[in-house]
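For reference, protein-v5.cif is printed below; it contains mmCIF, C-alpha atoms.
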```
data_work
loop_
_atom_site.label_atom_id
_atom_site.label_comp_id
_atom_site.auth_asym_id
_atom_site.auth_seq_id
_atom_site.Cartn_x
_atom_site.Cartn_y
_atom_site.Cartn_z
CA MET R 1070 13.68 10.29 0.91
CA LYS R 1071 11.80 10.53 4.19
CA ILE R 1072 10.86 7.06 5.52
CA PHE R 1073 8.36 6.69 8.33
CA TYR R 1074 8.81 3.70 10.63
CA SER R 1075 8.16 2.72 14.23
CA PRO R 1076 9.21 -0.52 15.96
CA GLU R 1077 5.79 -0.45 17.62
CA CYS R 1078 4.44 -2.04 14.43
CA LEU R 1079 6.40 -5.21 15.23
CA LYS R 1080 4.45 -5.89 18.43
CA TYR R 1081 1.95 -8.42 17.14
CA SER R 1082 2.35 -11.85 15.61
CA GLN R 1083 0.87 -15.30 15.23
CA PRO R 1084 2.97 -18.44 14.60
CA GLY R 1085 2.94 -19.35 10.92
CA HIS R 1086 1.16 -16.21 9.79
CA PRO R 1087 2.91 -14.72 6.72
CA GLU R 1088 2.24 -11.13 7.83
CA SER R 1089 4.96 -11.35 10.47
CA PRO R 1090 7.14 -8.82 12.31
CA ALA R 1091 10.23 -10.30 10.63
CA ARG R 1092 9.22 -9.14 7.18
CA VAL R 1093 9.31 -5.48 8.23
CA SER R 1094 12.15 -5.69 10.76
CA THR R 1095 14.51 -7.28 8.22
CA ALA R 1096 13.49 -4.67 5.62
CA TYR R 1097 14.19 -1.92 8.16
CA GLU R 1098 17.65 -3.34 8.91
CA TYR R 1099 18.51 -3.63 5.22
CA LEU R 1100 17.41 -0.09 4.44
CA LYS R 1101 19.26 1.23 7.49
CA GLN R 1102 22.47 -0.50 6.37
CA ASN R 1103 22.04 1.20 2.99
CA GLY R 1104 21.98 4.67 4.49
CA CYS R 1105 18.24 5.27 4.89
CA GLU R 1106 17.06 7.40 7.80
CA PHE R 1107 13.76 7.03 9.59
CA THR R 1108 11.16 9.18 11.34
CA LYS R 1109 8.54 7.86 13.76
CA PRO R 1110 4.91 8.54 12.82
CA GLN R 1111 2.05 9.32 15.19
CA MET R 1112 -1.25 7.46 15.49
CA CYS R 1113 -4.07 8.75 13.34
CA SER R 1114 -7.23 9.94 15.06
CA GLU R 1115 -10.62 8.26 15.09
CA GLU R 1116 -11.85 11.16 12.94
CA ASP R 1117 -9.21 10.21 10.36
CA ILE R 1118 -10.41 6.60 10.31
CA LEU R 1119 -14.00 7.73 9.80
CA LEU R 1120 -13.00 9.48 6.59
CA ALA R 1121 -12.75 6.01 5.00
CA HIS R 1122 -14.57 3.63 7.33
CA SER R 1123 -17.94 3.25 8.99
CA PRO R 1124 -18.35 3.82 12.74
CA GLU R 1125 -19.24 0.12 12.98
CA LEU R 1126 -15.91 -0.95 11.48
CA LEU R 1127 -13.99 1.38 13.78
CA ALA R 1128 -15.87 0.09 16.82
CA SER R 1129 -15.35 -3.56 15.88
CA VAL R 1130 -11.57 -3.15 15.67
CA LYS R 1131 -11.44 -0.98 18.80
CA ASP R 1132 -13.54 -3.43 20.81
CA GLY R 1133 -12.09 -6.59 19.29
CA THR R 1134 -15.45 -7.86 18.08
CA PHE R 1135 -14.63 -8.33 14.37
CA MET R 1136 -14.23 -11.79 12.84
CA ASP R 1137 -11.92 -12.65 9.92
CA PHE R 1138 -9.90 -15.85 9.58
CA ASP R 1139 -6.90 -14.21 7.87
CA THR R 1140 -6.96 -11.09 10.04
CA PRO R 1141 -6.53 -12.15 13.68
CA ASN R 1142 -7.79 -10.18 16.63
CA TYR R 1143 -4.40 -9.42 18.21
CA PRO R 1144 -4.10 -7.61 21.54
CA GLY R 1145 -3.38 -3.94 20.88
CA ILE R 1146 -4.04 -4.16 17.14
CA TYR R 1147 -6.35 -1.13 17.22
CA ASP R 1148 -3.56 1.24 18.23
CA ILE R 1149 -1.00 -0.44 15.96
CA ALA R 1150 -3.34 -0.16 12.97
CA ARG R 1151 -3.90 3.52 13.87
CA LEU R 1152 -0.13 3.96 13.90
CA SER R 1153 0.20 2.35 10.47
CA ALA R 1154 -2.47 4.69 9.09
CA GLY R 1155 -0.66 7.54 10.81
CA GLY R 1156 2.49 6.61 8.91
CA ALA R 1157 0.60 6.89 5.64
CA ILE R 1158 -0.80 10.29 6.61
CA ALA R 1159 2.66 11.51 7.65
CA ALA R 1160 4.11 10.39 4.32
CA ALA R 1161 1.34 12.16 2.40
CA LYS R 1162 1.73 15.38 4.37
CA HIS R 1163 5.51 15.36 4.03
CA CYS R 1164 5.16 14.89 0.29
CA LEU R 1165 2.74 17.82 0.00
CA ASN R 1166 4.59 20.19 2.30
CA SER R 1167 8.17 19.54 1.17
CA GLY R 1168 7.77 18.39 -2.41
CA GLU R 1169 9.91 15.35 -1.54
CA LYS R 1170 8.83 11.75 -2.04
CA ALA R 1171 8.08 9.75 1.12
CA PHE R 1172 7.55 6.13 2.14
CA SER R 1173 5.85 4.48 5.12
CA LEU R 1174 7.46 1.20 6.20
CA MET R 1175 4.70 0.10 8.54
CA ARG R 1176 2.41 -2.84 9.22
CA PRO R 1177 -0.37 -3.92 9.18
CA PRO R 1178 -1.08 -3.31 5.48
CA GLY R 1179 -4.41 -1.79 4.55
CA HIS R 1180 -5.69 -2.14 1.01
CA HIS R 1181 -8.05 -5.09 1.71
CA ALA R 1182 -9.95 -3.24 4.45
CA THR R 1183 -13.25 -2.07 2.95
CA GLY R 1184 -15.41 0.69 4.32
CA ASN R 1185 -17.21 -1.78 6.58
CA GLN R 1186 -14.98 -4.86 6.99
CA PRO R 1187 -11.38 -5.74 7.84
CA GLY R 1188 -9.78 -8.59 5.91
CA GLY R 1189 -6.69 -9.92 4.16
CA PHE R 1190 -4.34 -8.98 7.05
CA CYS R 1191 -5.76 -5.41 6.94
CA TYR R 1192 -7.68 -3.54 9.67
CA PHE R 1193 -7.81 0.08 8.48
CA ASN R 1194 -7.18 1.16 4.89
CA SER R 1195 -4.12 3.36 5.35
CA ILE R 1196 -3.80 4.56 1.75
CA ALA R 1197 -7.49 5.53 1.60
CA ILE R 1198 -7.36 7.32 4.96
CA ALA R 1199 -4.24 9.26 3.94
CA CYS R 1200 -5.68 10.29 0.56
CA LEU R 1201 -8.97 11.48 2.05
CA LYS R 1202 -7.11 13.29 4.83
CA VAL R 1203 -5.06 15.42 2.43
CA GLN R 1204 -7.36 15.63 -0.59
CA LYS R 1205 -8.51 19.21 -0.04
CA GLN R 1206 -4.88 20.32 -0.07
CA ALA R 1207 -3.69 17.83 -2.69
CA GLY R 1208 -6.43 18.06 -5.32
CA ARG R 1209 -6.78 15.18 -7.78
CA ILE R 1210 -5.10 11.99 -6.54
CA ALA R 1211 -4.19 8.84 -8.47
CA ILE R 1212 -3.71 5.73 -6.33
CA ILE R 1213 -1.30 3.26 -7.94
CA ASP R 1214 -1.47 -0.27 -6.48
CA PHE R 1215 1.07 -2.87 -7.63
CA ASP R 1216 0.51 -5.40 -4.86
CA CYS R 1217 0.04 -8.93 -6.20
CA HIS R 1218 -3.47 -8.97 -4.70
CA HIS R 1219 -6.25 -6.67 -5.81
CA GLY R 1220 -6.95 -3.85 -3.35
CA ASN R 1221 -10.65 -4.58 -2.98
CA GLY R 1222 -10.86 -2.35 0.08
CA THR R 1223 -9.41 0.67 -1.67
CA GLU R 1224 -11.71 0.10 -4.63
CA ASP R 1225 -14.71 -0.17 -2.29
CA ILE R 1226 -13.90 3.09 -0.52
CA MET R 1227 -12.90 5.09 -3.61
CA MET R 1228 -15.53 3.87 -6.09
CA GLY R 1229 -17.30 6.81 -7.71
CA ARG R 1230 -15.05 9.56 -6.32
CA GLN R 1231 -14.33 11.57 -9.43
CA ASP R 1232 -11.29 13.37 -8.01
CA ILE R 1233 -9.58 10.04 -7.21
CA LEU R 1234 -8.39 7.43 -9.70
CA TYR R 1235 -7.54 3.90 -8.52
CA VAL R 1236 -5.29 1.77 -10.76
CA SER R 1237 -4.41 -1.79 -9.79
CA HIS R 1238 -2.11 -4.38 -11.42
CA HIS R 1239 -2.63 -7.72 -9.71
CA GLN R 1240 -2.55 -11.48 -10.19
CA SER R 1241 -5.85 -13.12 -11.14
CA PRO R 1242 -7.26 -15.53 -10.17
CA LEU R 1243 -6.08 -14.91 -6.62
CA TYR R 1244 -7.45 -13.67 -3.29
CA PRO R 1245 -9.74 -11.75 -2.91
CA GLY R 1246 -11.14 -12.64 -6.34
CA THR R 1247 -12.08 -9.06 -7.24
CA GLY R 1248 -10.62 -6.57 -9.72
CA LEU R 1249 -11.65 -8.51 -12.80
CA LYS R 1250 -12.71 -5.45 -14.78
CA THR R 1251 -12.56 -1.68 -14.82
CA ILE R 1252 -15.51 0.07 -13.18
CA ASN R 1253 -16.00 3.83 -13.14
CA ASN R 1254 -12.88 5.46 -11.62
CA CYS R 1255 -11.31 2.11 -10.65
CA LEU R 1256 -9.05 0.73 -13.39
CA ASN R 1257 -8.08 -2.92 -13.05
CA PHE R 1258 -5.36 -4.85 -14.87
CA PRO R 1259 -5.70 -8.55 -13.89
CA LEU R 1260 -2.55 -10.53 -14.77
CA HIS R 1261 -2.13 -14.29 -15.20
CA SER R 1262 0.31 -16.15 -12.95
CA GLY R 1263 2.84 -16.93 -15.67
CA ILE R 1264 3.43 -13.33 -16.71
CA THR R 1265 7.05 -12.27 -17.24
CA PRO R 1266 8.61 -9.15 -15.68
CA GLN R 1267 8.61 -7.46 -19.09
CA GLU R 1268 4.94 -8.26 -19.66
CA PHE R 1269 4.16 -6.86 -16.23
CA LEU R 1270 6.03 -3.65 -17.04
CA ASP R 1271 4.24 -3.34 -20.38
CA SER R 1272 0.90 -3.58 -18.57
CA PHE R 1273 2.12 -1.18 -15.89
CA ARG R 1274 3.08 1.44 -18.51
CA GLN R 1275 -0.40 1.09 -19.99
CA GLY R 1276 -1.86 1.85 -16.59
CA MET R 1277 0.43 4.85 -16.12
CA ARG R 1278 -0.79 6.27 -19.43
CA LYS R 1279 -4.27 6.25 -17.91
CA VAL R 1280 -2.88 8.03 -14.87
CA THR R 1281 -1.37 10.69 -17.13
CA GLU R 1282 -4.73 11.18 -18.86
CA PHE R 1283 -6.36 11.69 -15.44
CA LYS R 1284 -3.98 14.63 -14.77
CA PRO R 1285 -3.48 14.04 -11.05
CA ASP R 1286 -1.96 16.57 -8.71
CA MET R 1287 -0.55 13.83 -6.47
CA LEU R 1288 0.30 10.12 -6.59
CA ALA R 1289 -0.40 7.69 -3.74
CA ILE R 1290 1.26 4.29 -4.11
CA SER R 1291 0.19 1.02 -2.51
CA ALA R 1292 3.57 -0.69 -2.82
CA GLY R 1293 3.19 -4.45 -2.53
CA PHE R 1294 6.16 -6.71 -3.14
CA ASP R 1295 4.42 -10.10 -3.12
CA SER R 1296 4.72 -10.16 -6.92
CA TYR R 1297 8.40 -11.01 -6.36
CA ARG R 1298 9.43 -14.37 -7.83
CA LEU R 1299 10.47 -15.79 -4.43
CA ASP R 1300 7.40 -14.67 -2.52
CA PRO R 1301 5.97 -17.69 -0.66
CA ILE R 1302 2.24 -17.01 -1.12
CA THR R 1303 1.87 -15.79 -4.73
CA ASN R 1304 2.81 -16.79 -8.27
CA LEU R 1305 4.18 -13.82 -10.20
CA SER R 1306 7.82 -13.63 -11.27
CA LEU R 1307 9.10 -10.09 -10.80
CA GLU R 1308 12.81 -9.61 -10.09
CA GLN R 1309 14.26 -7.17 -7.57
CA GLU R 1310 15.32 -4.95 -10.47
CA THR R 1311 11.73 -4.88 -11.74
CA TYR R 1312 10.75 -2.80 -8.71
CA ARG R 1313 13.38 -0.22 -9.61
CA GLU R 1314 11.81 0.02 -13.06
CA ILE R 1315 8.36 0.38 -11.49
CA GLY R 1316 9.64 3.21 -9.32
CA ASN R 1317 11.32 4.85 -12.28
CA ILE R 1318 8.17 4.69 -14.43
CA ILE R 1319 6.23 6.39 -11.62
CA SER R 1320 9.00 8.98 -11.24
CA THR R 1321 8.72 9.94 -14.91
CA LEU R 1322 5.16 11.12 -14.26
CA GLN R 1323 6.80 14.03 -12.41
CA LYS R 1324 4.15 14.38 -9.72
CA PRO R 1325 4.41 14.62 -5.93
CA ALA R 1326 4.31 11.03 -4.70
CA PHE R 1327 4.20 9.04 -1.49
CA ALA R 1328 4.13 5.29 -1.02
CA ILE R 1329 3.20 2.87 1.73
CA LEU R 1330 4.05 -0.79 2.28
CA GLU R 1331 1.29 -3.28 1.53
CA GLY R 1332 2.23 -6.95 1.02
CA GLY R 1333 5.53 -8.73 0.47
CA TYR R 1334 6.47 -11.86 2.41
CA SER R 1335 9.85 -12.91 1.07
CA SER R 1336 13.02 -12.61 3.16
CA ASP R 1337 14.25 -10.34 0.34
CA LEU R 1338 11.62 -7.69 1.08
CA GLY R 1339 14.26 -5.13 2.08
CA GLU R 1340 16.09 -5.51 -1.21
CA CYS R 1341 12.85 -5.19 -3.19
CA VAL R 1342 11.80 -2.06 -1.29
CA HIS R 1343 15.26 -0.52 -1.72
CA GLN R 1344 15.18 -1.05 -5.47
CA PHE R 1345 11.74 0.55 -5.69
CA LEU R 1346 12.83 3.59 -3.67
CA LEU R 1347 15.93 4.01 -5.84
CA GLY R 1348 13.76 4.03 -8.96
CA LEU R 1349 11.25 6.42 -7.40
CA GLU R 1350 14.04 8.89 -6.67
CA GLU R 1351 15.52 8.78 -10.19
#
```

Is it possible to express this structure as structure tokens?
Amino acid sequence: MKIFYSPECLKYSQPGHPESPARVSTAYEYLKQNGCEFTKPQMCSEEDILLAHSPELLASVKDGTFMDFDTPNYPGIYDIARLSAGGAIAAAKHCLNSGEKAFSLMRPPGHHATGNQPGGFCYFNSIAIACLKVQKQAGRIAIIDFDCHHGNGTEDIMMGRQDILYVSHHQSPLYPGTGLKTINNCLNFPLHSGITPQEFLDSFRQGMRKVTEFKPDMLAISAGFDSYRLDPITNLSLEQETYREIGNIISTLQKPAFAILEGGYSSDLGECVHQFLLGLEE
């Protein structure tokens, strides 16, 4: 599997902030030790960003004038966020052109960035940008989001687009407090904090049946690993092996698929990602 990664994405941090360079650097080292190979992505263009975001949002990140408590205004974050979105685009294009699955191991994440506002550690919505970039070539796209938090940004951008289906399985109640019900082309599966791995998988299979009914030509996956039982900021209980099952369920859909990293703040992130990629390749 082609994995897109650049150490440039490690060049921002804030003491105590859970979205730290260490979470991705340790995942990179683990995957490298397990035989994975990596390709560096390129920054996306401003035109790419404007496929999903308003000019005002782009300008606020570029100029450093945005305000969000959880999403600090780091020096250089504009270019790093463009690089993360570029990784998602590269994964989508590789998937389409080669027929192989692909993964982007980049930060910052993106699924909380709405059309007009950054938030939740996210500046630009990488999965939305990538899907809109390749949609003419790809056709119908189903976005599968299994991050522990609802992807309110992806829902905001994709709402009402009949050639795109958004399906999210997420803990509720939890930040950002959205995703409580299905609306139009955005299917939401809110899950209580005490749910077992098997209950999660049962719900996930239900969601994948909806994906099958949609008859997508391509799958785009917001892969969040903060539903892991040892994650420090959430309260779900998935095991490392659960992510392999998630990947395997997606693989059985037999569609071109690419995935990008969203959340996941445990020191075991590399192991969780590896299990998911193994399942996705089965």

Tell me which residues the PyMOL selection byres ((chain R and resi 1173-1181) around 8) grabs here, as a CSV table (one decimal) with C-alpha atoms, in the coordinates of the input.
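What landed in expr-v6.csv:
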```
chain,number,residue,atom,x,y,z
R,1072,ILE,CA,10.9,7.1,5.5
R,1073,PHE,CA,8.4,6.7,8.3
R,1074,TYR,CA,8.8,3.7,10.6
R,1075,SER,CA,8.2,2.7,14.2
R,1078,CYS,CA,4.4,-2.0,14.4
R,1079,LEU,CA,6.4,-5.2,15.2
R,1088,GLU,CA,2.2,-11.1,7.8
R,1093,VAL,CA,9.3,-5.5,8.2
R,1097,TYR,CA,14.2,-1.9,8.2
R,1149,ILE,CA,-1.0,-0.4,16.0
R,1150,ALA,CA,-3.3,-0.2,13.0
R,1153,SER,CA,0.2,2.4,10.5
R,1156,GLY,CA,2.5,6.6,8.9
R,1157,ALA,CA,0.6,6.9,5.6
R,1160,ALA,CA,4.1,10.4,4.3
R,1171,ALA,CA,8.1,9.8,1.1
R,1172,PHE,CA,7.6,6.1,2.1
R,1182,ALA,CA,-10.0,-3.2,4.4
R,1183,THR,CA,-13.2,-2.1,3.0
R,1187,PRO,CA,-11.4,-5.7,7.8
R,1188,GLY,CA,-9.8,-8.6,5.9
R,1189,GLY,CA,-6.7,-9.9,4.2
R,1190,PHE,CA,-4.3,-9.0,7.0
R,1191,CYS,CA,-5.8,-5.4,6.9
R,1192,TYR,CA,-7.7,-3.5,9.7
R,1193,PHE,CA,-7.8,0.1,8.5
R,1194,ASN,CA,-7.2,1.2,4.9
R,1195,SER,CA,-4.1,3.4,5.4
R,1196,ILE,CA,-3.8,4.6,1.8
R,1197,ALA,CA,-7.5,5.5,1.6
R,1219,HIS,CA,-6.2,-6.7,-5.8
R,1220,GLY,CA,-7.0,-3.8,-3.4
R,1221,ASN,CA,-10.6,-4.6,-3.0
R,1222,GLY,CA,-10.9,-2.4,0.1
R,1223,THR,CA,-9.4,0.7,-1.7
R,1291,SER,CA,0.2,1.0,-2.5
R,1328,ALA,CA,4.1,5.3,-1.0
R,1329,ILE,CA,3.2,2.9,1.7
R,1330,LEU,CA,4.0,-0.8,2.3
R,1331,GLU,CA,1.3,-3.3,1.5
R,1332,GLY,CA,2.2,-7.0,1.0
```

Using only C-alpha atoms, can you list as a PyMOL selection string the residues within 12 Å of (-0.2, 9.8, -19.4)? chain R and resi 1211+1273-1285+1318-1319+1321-1324

Dump as a JSON list (two decimals), in the coordinates of the input, selection limited to C-alpha atoms:
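To be explicit, this is the file written out as part_5.json:
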```json
[["chain", "number", "residue", "atom", "x", "y", "z"],
["R", 1211, "ALA", "CA", -4.19, 8.84, -8.47],
["R", 1273, "PHE", "CA", 2.12, -1.18, -15.89],
["R", 1274, "ARG", "CA", 3.08, 1.44, -18.51],
["R", 1275, "GLN", "CA", -0.40, 1.09, -19.99],
["R", 1276, "GLY", "CA", -1.86, 1.85, -16.59],
["R", 1277, "MET", "CA", 0.43, 4.85, -16.12],
["R", 1278, "ARG", "CA", -0.79, 6.27, -19.43],
["R", 1279, "LYS", "CA", -4.27, 6.25, -17.91],
["R", 1280, "VAL", "CA", -2.88, 8.03, -14.87],
["R", 1281, "THR", "CA", -1.37, 10.69, -17.13],
["R", 1282, "GLU", "CA", -4.73, 11.18, -18.86],
["R", 1283, "PHE", "CA", -6.36, 11.69, -15.44],
["R", 1284, "LYS", "CA", -3.98, 14.63, -14.77],
["R", 1285, "PRO", "CA", -3.48, 14.04, -11.05],
["R", 1318, "ILE", "CA", 8.17, 4.69, -14.43],
["R", 1319, "ILE", "CA", 6.23, 6.39, -11.62],
["R", 1321, "THR", "CA", 8.72, 9.94, -14.91],
["R", 1322, "LEU", "CA", 5.16, 11.12, -14.26],
["R", 1323, "GLN", "CA", 6.80, 14.03, -12.41],
["R", 1324, "LYS", "CA", 4.15, 14.38, -9.72]]
```

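As for atom CA of Glu1125 of chain R and atom CA of Asp1216 of chain R, they are spaced 27.2 Å apart.
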
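For the residues R:Val1236, R:Ala1154, R:Leu1126, R:Met1070, ranking by smallest atom-to-atom distance to Gly1104 of chain R using all atoms listed in the file places R:Met1070 first.
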
Edge lengths and centre in Å, axis-aligned, segment 1337-1350 of chain R plus 5 Å each side, as lines of an AutoDock Vina configuration file:
```
center_x = 13.7
center_y = -0.7
center_z = -3.4
size_x = 14.8
size_y = 29.2
size_z = 21.0
```

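Taking atom CA of His1163 of chain R and atom CA of Ala1207 of chain R as endpoints, the distance between them is 11.7 Å.
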
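Using all atoms listed in the file for every distance, the candidate list R:Cys1164, R:Asp1300, R:His1218, R:Gln1186 yields R:Gln1186 as the residue closest to Ser1123 of chain R.
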
From the list R:Ser1167, R:Gln1102, R:Thr1095, R:Gln1083, the nearest residue to Lys1071 of chain R using all atoms listed in the file is R:Ser1167

From R:Leu1346, R:Ile1146, R:Leu1338, R:Met1287, residue lying nearest Gln1204 of chain R [only C-alpha atoms]: R:Met1287

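Put simply, the PyMOL selection byres ((chain R and resi 1316) around 9) in this file takes in Thr1311, Tyr1312, Arg1313, Glu1314, Ile1315, Asn1317, Ile1318, Ile1319, Ser1320, Thr1321, Gln1344, Phe1345, Leu1346, Leu1347, Gly1348, Leu1349, Glu1350 and Glu1351 of chain R.
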
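Distances from R:Gly1333, R:Leu1305, R:Glu1169, R:Asp1117 to Ala1091 of chain R were compared using only C-alpha atoms, and the smallest one belongs to R:Gly1333.
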
Reconstructed segment 1090-1111 of chain R, atom set N, CA and C atoms, as a tab-separated table (two decimals), in the frame of the given file:
```tsv
chain	number	residue	atom	x	y	z
R	1090	PRO	N	6.23	-9.92	12.00
R	1090	PRO	CA	7.14	-8.82	12.31
R	1090	PRO	C	8.45	-8.91	11.54
R	1091	ALA	N	8.92	-10.13	11.27
R	1091	ALA	CA	10.23	-10.30	10.63
R	1091	ALA	C	10.29	-9.67	9.25
R	1092	ARG	N	9.17	-9.68	8.54
R	1092	ARG	CA	9.22	-9.14	7.18
R	1092	ARG	C	9.55	-7.65	7.18
R	1093	VAL	N	9.04	-6.91	8.16
R	1093	VAL	CA	9.31	-5.48	8.23
R	1093	VAL	C	10.61	-5.19	8.97
R	1094	SER	N	10.91	-5.95	10.02
R	1094	SER	CA	12.15	-5.69	10.76
R	1094	SER	C	13.38	-5.95	9.91
R	1095	THR	N	13.35	-7.01	9.09
R	1095	THR	CA	14.51	-7.28	8.22
R	1095	THR	C	14.60	-6.23	7.11
R	1096	ALA	N	13.46	-5.75	6.61
R	1096	ALA	CA	13.49	-4.67	5.62
R	1096	ALA	C	14.06	-3.40	6.23
R	1097	TYR	N	13.65	-3.10	7.45
R	1097	TYR	CA	14.19	-1.92	8.16
R	1097	TYR	C	15.70	-2.02	8.30
R	1098	GLU	N	16.21	-3.17	8.73
R	1098	GLU	CA	17.65	-3.34	8.91
R	1098	GLU	C	18.39	-3.18	7.59
R	1099	TYR	N	17.84	-3.74	6.51
R	1099	TYR	CA	18.51	-3.63	5.22
R	1099	TYR	C	18.56	-2.18	4.76
R	1100	LEU	N	17.45	-1.49	4.87
R	1100	LEU	CA	17.41	-0.09	4.44
R	1100	LEU	C	18.33	0.77	5.31
R	1101	LYS	N	18.38	0.49	6.61
R	1101	LYS	CA	19.26	1.23	7.49
R	1101	LYS	C	20.72	1.03	7.10
R	1102	GLN	N	21.10	-0.21	6.79
R	1102	GLN	CA	22.47	-0.50	6.37
R	1102	GLN	C	22.82	0.19	5.06
R	1103	ASN	N	21.80	0.53	4.27
R	1103	ASN	CA	22.04	1.20	2.99
R	1103	ASN	C	21.84	2.72	3.08
R	1104	GLY	N	21.93	3.23	4.29
R	1104	GLY	CA	21.98	4.67	4.49
R	1104	GLY	C	20.65	5.38	4.65
R	1105	CYS	N	19.55	4.63	4.73
R	1105	CYS	CA	18.24	5.27	4.89
R	1105	CYS	C	18.06	5.75	6.33
R	1106	GLU	N	17.38	6.86	6.49
R	1106	GLU	CA	17.06	7.40	7.80
R	1106	GLU	C	15.56	7.36	8.00
R	1107	PHE	N	15.15	7.30	9.28
R	1107	PHE	CA	13.76	7.03	9.59
R	1107	PHE	C	13.19	8.04	10.58
R	1108	THR	N	11.90	8.29	10.44
R	1108	THR	CA	11.16	9.18	11.34
R	1108	THR	C	9.95	8.43	11.86
R	1109	LYS	N	9.68	8.56	13.17
R	1109	LYS	CA	8.54	7.86	13.76
R	1109	LYS	C	7.25	8.61	13.49
R	1110	PRO	N	6.23	7.91	13.03
R	1110	PRO	CA	4.91	8.54	12.82
R	1110	PRO	C	4.12	8.57	14.13
R	1111	GLN	N	3.00	9.28	14.09
R	1111	GLN	CA	2.05	9.32	15.19
R	1111	GLN	C	0.77	8.58	14.79
```
